Amino acid sequence: MHIAIYTLGCKVNQYETAAMERELTTRGHILVPFDGPADAYIINTCTVTAVSDKKSRQMIRRARKQSPSAVVAVCGCYPQTHPQEVVGLDADLIAGTGDRMKFLELLEQATREKEPVVNLDEARRRRTFEVLPAGGLAARTRAMLKVEDGCVNFCTYCIIPYARGPVRSLPVEAAKEEVRRLKREGYRELVLTGIEISSWGRDLPGRPELTDLLEAVCREAGDMRVRLGSLEPRTVTGEFCRRAAALENLCPHFHLSLQSGCDATLRRMNRKYDTARYRESVRLLHQYFPHPAVTTDLIVGFPGETEDEFAATLAFIQECGFAEMHIFPYSIRPGTPAAEMEQIPRTVKEFRASRAAEAAETMRLQYLSRCVGQVYNVLYEQPQDGLYQGHAPNYAAVAAEGDNLRNQVLPTRITAMKNGLLLGELLPPGQ
């Protein structure tokens, strides 16, 4: 069977799609581009904002229009939280965020029997972690390993706890087994991902901490680099930094979710930290790691945000000196408490986003300029514009002259920065 897949949303969705791709090819199916003919289309949806819902609906309708006789199968967060909306879109198979392997079995059933199937559970009742194969079908450079699912933070702007359910963790031994397999397959870097990986372990016997998993994975990874996904600021303690800094193959790139640099706004968001705690996390990372890349997410124009509150956020992000930021104007997510709060006009949100983006770009260029003259072990991935491009351990993009460098980690001296890209020269091994 020829199957096309379209994925919306976060890295966890991307990971789960990669796992489904691997399983489908193992079962003898052929993956084809989404914009062409296929026997079945899978849309792995997102529901983080109303815009995400709209995009999910567009892709479902597009699949049906492209091949009216094909099976259209929908999974992910959108049908998990809005099943009746998806039922009205003429999909043949509707599932949610759980049991992806059963979803593929139902897909095969739907193509044989030509009968619509709805298979949804109650996400908040889930208690077990579904182990999915890590990696994917891309060239062997970077793989993701999903180590956690679910969230119980219930931020006022977020519907994900309802779509993904409570925290479930991948046990350490299962994680180590996946790491060994990825090493055999030739991957050079591993990214630990999840819905809220800072909560890893709270559902396991003995309530181990994320650092316990990190140490085990790094030991198993050997010369394969390990990179952490998004962290909750409270995870970054002195003990966390002391143990993490001892891991030679851990990349010094830390994505600390911020969302706002104003304490009053953080309280309305129901975030579990304040700016003082966040500031301490950033300080600790700079204390234990030389020139770490600290990156973050920021929501501007959150309901009730005053100009003074935004000014406090602007001052705070500049104090932190982020290496990179993802900035989002607040988008209403129906069904969340924030959707019922006093809203900020769209023009104000967009203006604040542009001001924050200007500050973020200045900080990014300042961070990259401090990389010039440094030597990094760069994982080279693909040729582009006459040079070979890859990423340093701090995830800065680097380009250098060379041939056939794909999937090699090579010492590189950074010689310049041009248009936000670091330029480097390869060094002989050992230098």
# chains A, B, ... in the order shown; residues from 1 in each chain; ligands from 1

$ residues_around --residues "Met269 of chain A" --least-positions-apart "5" --cutoff "10 Å" --atoms "only C-alpha atoms" --output "PyMOL selection string"
chain A and resi 154-158+259-260+263-264+302-303+337-338

$ write_last_selection --atoms "all heavy atoms" --output "mmCIF file, in the first residue's frame"
data_model
loop_
_atom_site.group_PDB
_atom_site.id
_atom_site.type_symbol
_atom_site.label_atom_id
_atom_site.label_comp_id
_atom_site.auth_asym_id
_atom_site.auth_seq_id
_atom_site.Cartn_x
_atom_site.Cartn_y
_atom_site.Cartn_z
ATOM 1 N N PHE A 154 -1.041 22.181 33.613
ATOM 2 C CA PHE A 154 -2.277 22.920 33.394
ATOM 3 C C PHE A 154 -2.052 24.432 33.361
ATOM 4 O O PHE A 154 -2.688 25.201 34.096
ATOM 5 C CB PHE A 154 -3.331 22.561 34.450
ATOM 6 C CG PHE A 154 -3.825 21.143 34.317
ATOM 7 C CD1 PHE A 154 -3.305 20.134 35.104
ATOM 8 C CD2 PHE A 154 -4.802 20.832 33.373
ATOM 9 C CE1 PHE A 154 -3.746 18.824 34.971
ATOM 10 C CE2 PHE A 154 -5.246 19.529 33.235
ATOM 11 C CZ PHE A 154 -4.713 18.523 34.036
ATOM 12 N N CYS A 155 -1.147 24.865 32.497
ATOM 13 C CA CYS A 155 -0.997 26.293 32.237
ATOM 14 C C CYS A 155 -2.318 26.808 31.650
ATOM 15 O O CYS A 155 -3.003 26.087 30.917
ATOM 16 C CB CYS A 155 0.154 26.541 31.274
ATOM 17 S SG CYS A 155 1.757 25.949 31.900
ATOM 18 N N THR A 156 -2.664 28.036 31.957
ATOM 19 C CA THR A 156 -3.998 28.530 31.602
ATOM 20 C C THR A 156 -4.208 28.705 30.105
ATOM 21 O O THR A 156 -5.358 28.838 29.661
ATOM 22 C CB THR A 156 -4.281 29.870 32.308
ATOM 23 O OG1 THR A 156 -3.269 30.824 31.944
ATOM 24 C CG2 THR A 156 -4.307 29.697 33.818
ATOM 25 N N TYR A 157 -3.132 28.717 29.320
ATOM 26 C CA TYR A 157 -3.260 28.902 27.875
ATOM 27 C C TYR A 157 -3.196 27.587 27.109
ATOM 28 O O TYR A 157 -3.300 27.580 25.883
ATOM 29 C CB TYR A 157 -2.141 29.825 27.356
ATOM 30 C CG TYR A 157 -0.757 29.365 27.721
ATOM 31 C CD1 TYR A 157 -0.098 28.391 26.996
ATOM 32 C CD2 TYR A 157 -0.106 29.904 28.824
ATOM 33 C CE1 TYR A 157 1.160 27.954 27.359
ATOM 34 C CE2 TYR A 157 1.156 29.493 29.189
ATOM 35 C CZ TYR A 157 1.782 28.508 28.453
ATOM 36 O OH TYR A 157 3.034 28.072 28.818
ATOM 37 N N CYS A 158 -3.020 26.454 27.800
ATOM 38 C CA CYS A 158 -2.629 25.213 27.126
ATOM 39 C C CYS A 158 -3.665 24.115 27.303
ATOM 40 O O CYS A 158 -4.171 23.874 28.404
ATOM 41 C CB CYS A 158 -1.278 24.758 27.681
ATOM 42 S SG CYS A 158 -0.605 23.306 26.839
ATOM 43 N N GLN A 259 8.167 31.914 28.512
ATOM 44 C CA GLN A 259 6.808 32.381 28.213
ATOM 45 C C GLN A 259 6.553 33.826 28.600
ATOM 46 O O GLN A 259 5.889 34.547 27.873
ATOM 47 C CB GLN A 259 5.737 31.473 28.843
ATOM 48 C CG GLN A 259 5.905 29.991 28.561
ATOM 49 C CD GLN A 259 6.053 29.640 27.089
ATOM 50 O OE1 GLN A 259 5.971 30.480 26.209
ATOM 51 N NE2 GLN A 259 6.311 28.376 26.813
ATOM 52 N N SER A 260 7.081 34.296 29.738
ATOM 53 C CA SER A 260 6.975 35.706 30.093
ATOM 54 C C SER A 260 8.081 36.064 31.070
ATOM 55 O O SER A 260 8.475 35.230 31.893
ATOM 56 C CB SER A 260 5.613 36.016 30.722
ATOM 57 O OG SER A 260 5.574 37.375 31.150
ATOM 58 N N ASP A 263 6.441 38.640 36.447
ATOM 59 C CA ASP A 263 5.879 37.731 37.447
ATOM 60 C C ASP A 263 4.354 37.743 37.458
ATOM 61 O O ASP A 263 3.716 36.695 37.632
ATOM 62 C CB ASP A 263 6.416 38.081 38.835
ATOM 63 C CG ASP A 263 7.872 37.692 39.007
ATOM 64 O OD1 ASP A 263 8.332 36.773 38.280
ATOM 65 O OD2 ASP A 263 8.559 38.288 39.855
ATOM 66 N N ALA A 264 3.751 38.914 37.276
ATOM 67 C CA ALA A 264 2.287 38.978 37.276
ATOM 68 C C ALA A 264 1.710 38.166 36.115
ATOM 69 O O ALA A 264 0.707 37.454 36.266
ATOM 70 C CB ALA A 264 1.817 40.427 37.201
ATOM 71 N N PHE A 302 -0.152 38.213 26.116
ATOM 72 C CA PHE A 302 -1.022 37.322 26.877
ATOM 73 C C PHE A 302 -2.157 38.142 27.496
ATOM 74 O O PHE A 302 -1.976 39.325 27.808
ATOM 75 C CB PHE A 302 -0.213 36.618 27.971
ATOM 76 C CG PHE A 302 -0.969 35.544 28.689
ATOM 77 C CD1 PHE A 302 -1.204 34.326 28.080
ATOM 78 C CD2 PHE A 302 -1.461 35.757 29.965
ATOM 79 C CE1 PHE A 302 -1.927 33.330 28.732
ATOM 80 C CE2 PHE A 302 -2.176 34.774 30.628
ATOM 81 C CZ PHE A 302 -2.412 33.556 30.007
ATOM 82 N N PRO A 303 -3.337 37.550 27.678
ATOM 83 C CA PRO A 303 -4.465 38.306 28.227
ATOM 84 C C PRO A 303 -4.105 39.091 29.485
ATOM 85 O O PRO A 303 -3.505 38.564 30.424
ATOM 86 C CB PRO A 303 -5.485 37.207 28.538
ATOM 87 C CG PRO A 303 -5.216 36.175 27.493
ATOM 88 C CD PRO A 303 -3.732 36.179 27.313
ATOM 89 N N PRO A 337 -8.630 28.324 30.277
ATOM 90 C CA PRO A 337 -9.001 29.497 31.082
ATOM 91 C C PRO A 337 -8.581 30.819 30.454
ATOM 92 O O PRO A 337 -9.298 31.813 30.576
ATOM 93 C CB PRO A 337 -8.264 29.252 32.402
ATOM 94 C CG PRO A 337 -8.130 27.760 32.492
ATOM 95 C CD PRO A 337 -7.922 27.305 31.079
ATOM 96 N N ALA A 338 -7.424 30.848 29.784
ATOM 97 C CA ALA A 338 -6.953 32.108 29.206
ATOM 98 C C ALA A 338 -7.880 32.631 28.120
ATOM 99 O O ALA A 338 -7.932 33.840 27.862
ATOM 100 C CB ALA A 338 -5.542 31.930 28.652
#

$ closest_atom_pairs --of "segment 165-207 of chain A" --to "segment 386-410 of chain A" --cutoff "12 Å" --atoms "only C-alpha atoms" --output "Markdown table"
| residue | atom | partner | partner_atom | distance |
| --- | --- | --- | --- | --- |
| A:Glu185 | CA | A:Asn407 | CA | 11.9 |
| A:Gly186 | CA | A:Asn407 | CA | 8.5 |
| A:Tyr187 | CA | A:Asn407 | CA | 7.8 |
| A:Arg188 | CA | A:Asn407 | CA | 6.8 |
| A:Glu189 | CA | A:Asn407 | CA | 9.4 |
| A:Leu190 | CA | A:Pro393 | CA | 11.5 |
| A:Val191 | CA | A:Tyr395 | CA | 11.5 |

$ closest_residue --among "A:Glu319, A:Glu209, A:Glu425, A:Glu350" --to "Val172 of chain A" --atoms "only C-alpha atoms"
A:Glu209

$ residues_around --residues "Ile3 of chain A" --least-positions-apart "5" --cutoff "9 Å" --atoms "only C-alpha atoms" --output "ChimeraX atom specification"
/A:24,29-34,37-42

$ residues_around --residues "Glu115 of chain A" --least-positions-apart "4" --cutoff "10 Å" --atoms "only C-alpha atoms" --output "PyMOL selection string"
chain A and resi 71+92-93+109-111

$ residues_around --residues "Pro161 of chain A" --least-positions-apart "4" --cutoff "6 Å" --atoms "only C-alpha atoms" --output "list of chain:residue names"
A:Cys151, A:Val152, A:Gly165

$ write_last_selection --atoms "N, CA, C and O atoms" --output "CSV table (one decimal), in the first residue's frame"
chain,number,residue,atom,x,y,z
A,151,CYS,N,1.4,15.7,30.5
A,151,CYS,CA,1.7,16.9,31.3
A,151,CYS,C,0.6,17.1,32.3
A,151,CYS,O,-0.6,16.9,32.0
A,152,VAL,N,1.0,17.6,33.5
A,152,VAL,CA,0.0,17.9,34.5
A,152,VAL,C,0.2,19.3,35.1
A,152,VAL,O,-0.3,19.7,36.2
A,165,GLY,N,-2.8,13.6,28.4
A,165,GLY,CA,-3.0,12.9,29.6
A,165,GLY,C,-1.8,13.1,30.6
A,165,GLY,O,-1.0,14.0,30.5

$ select_by_dssp --residues "segment 292-353 of chain A" --states "strand (DSSP E)" --output "list in words"
Ala293, Val294, Thr295, Thr296, Asp297, Leu298, Ile299, Val300, Glu324, Met325, His326, Ile327, Phe328 and Pro329 of chain A
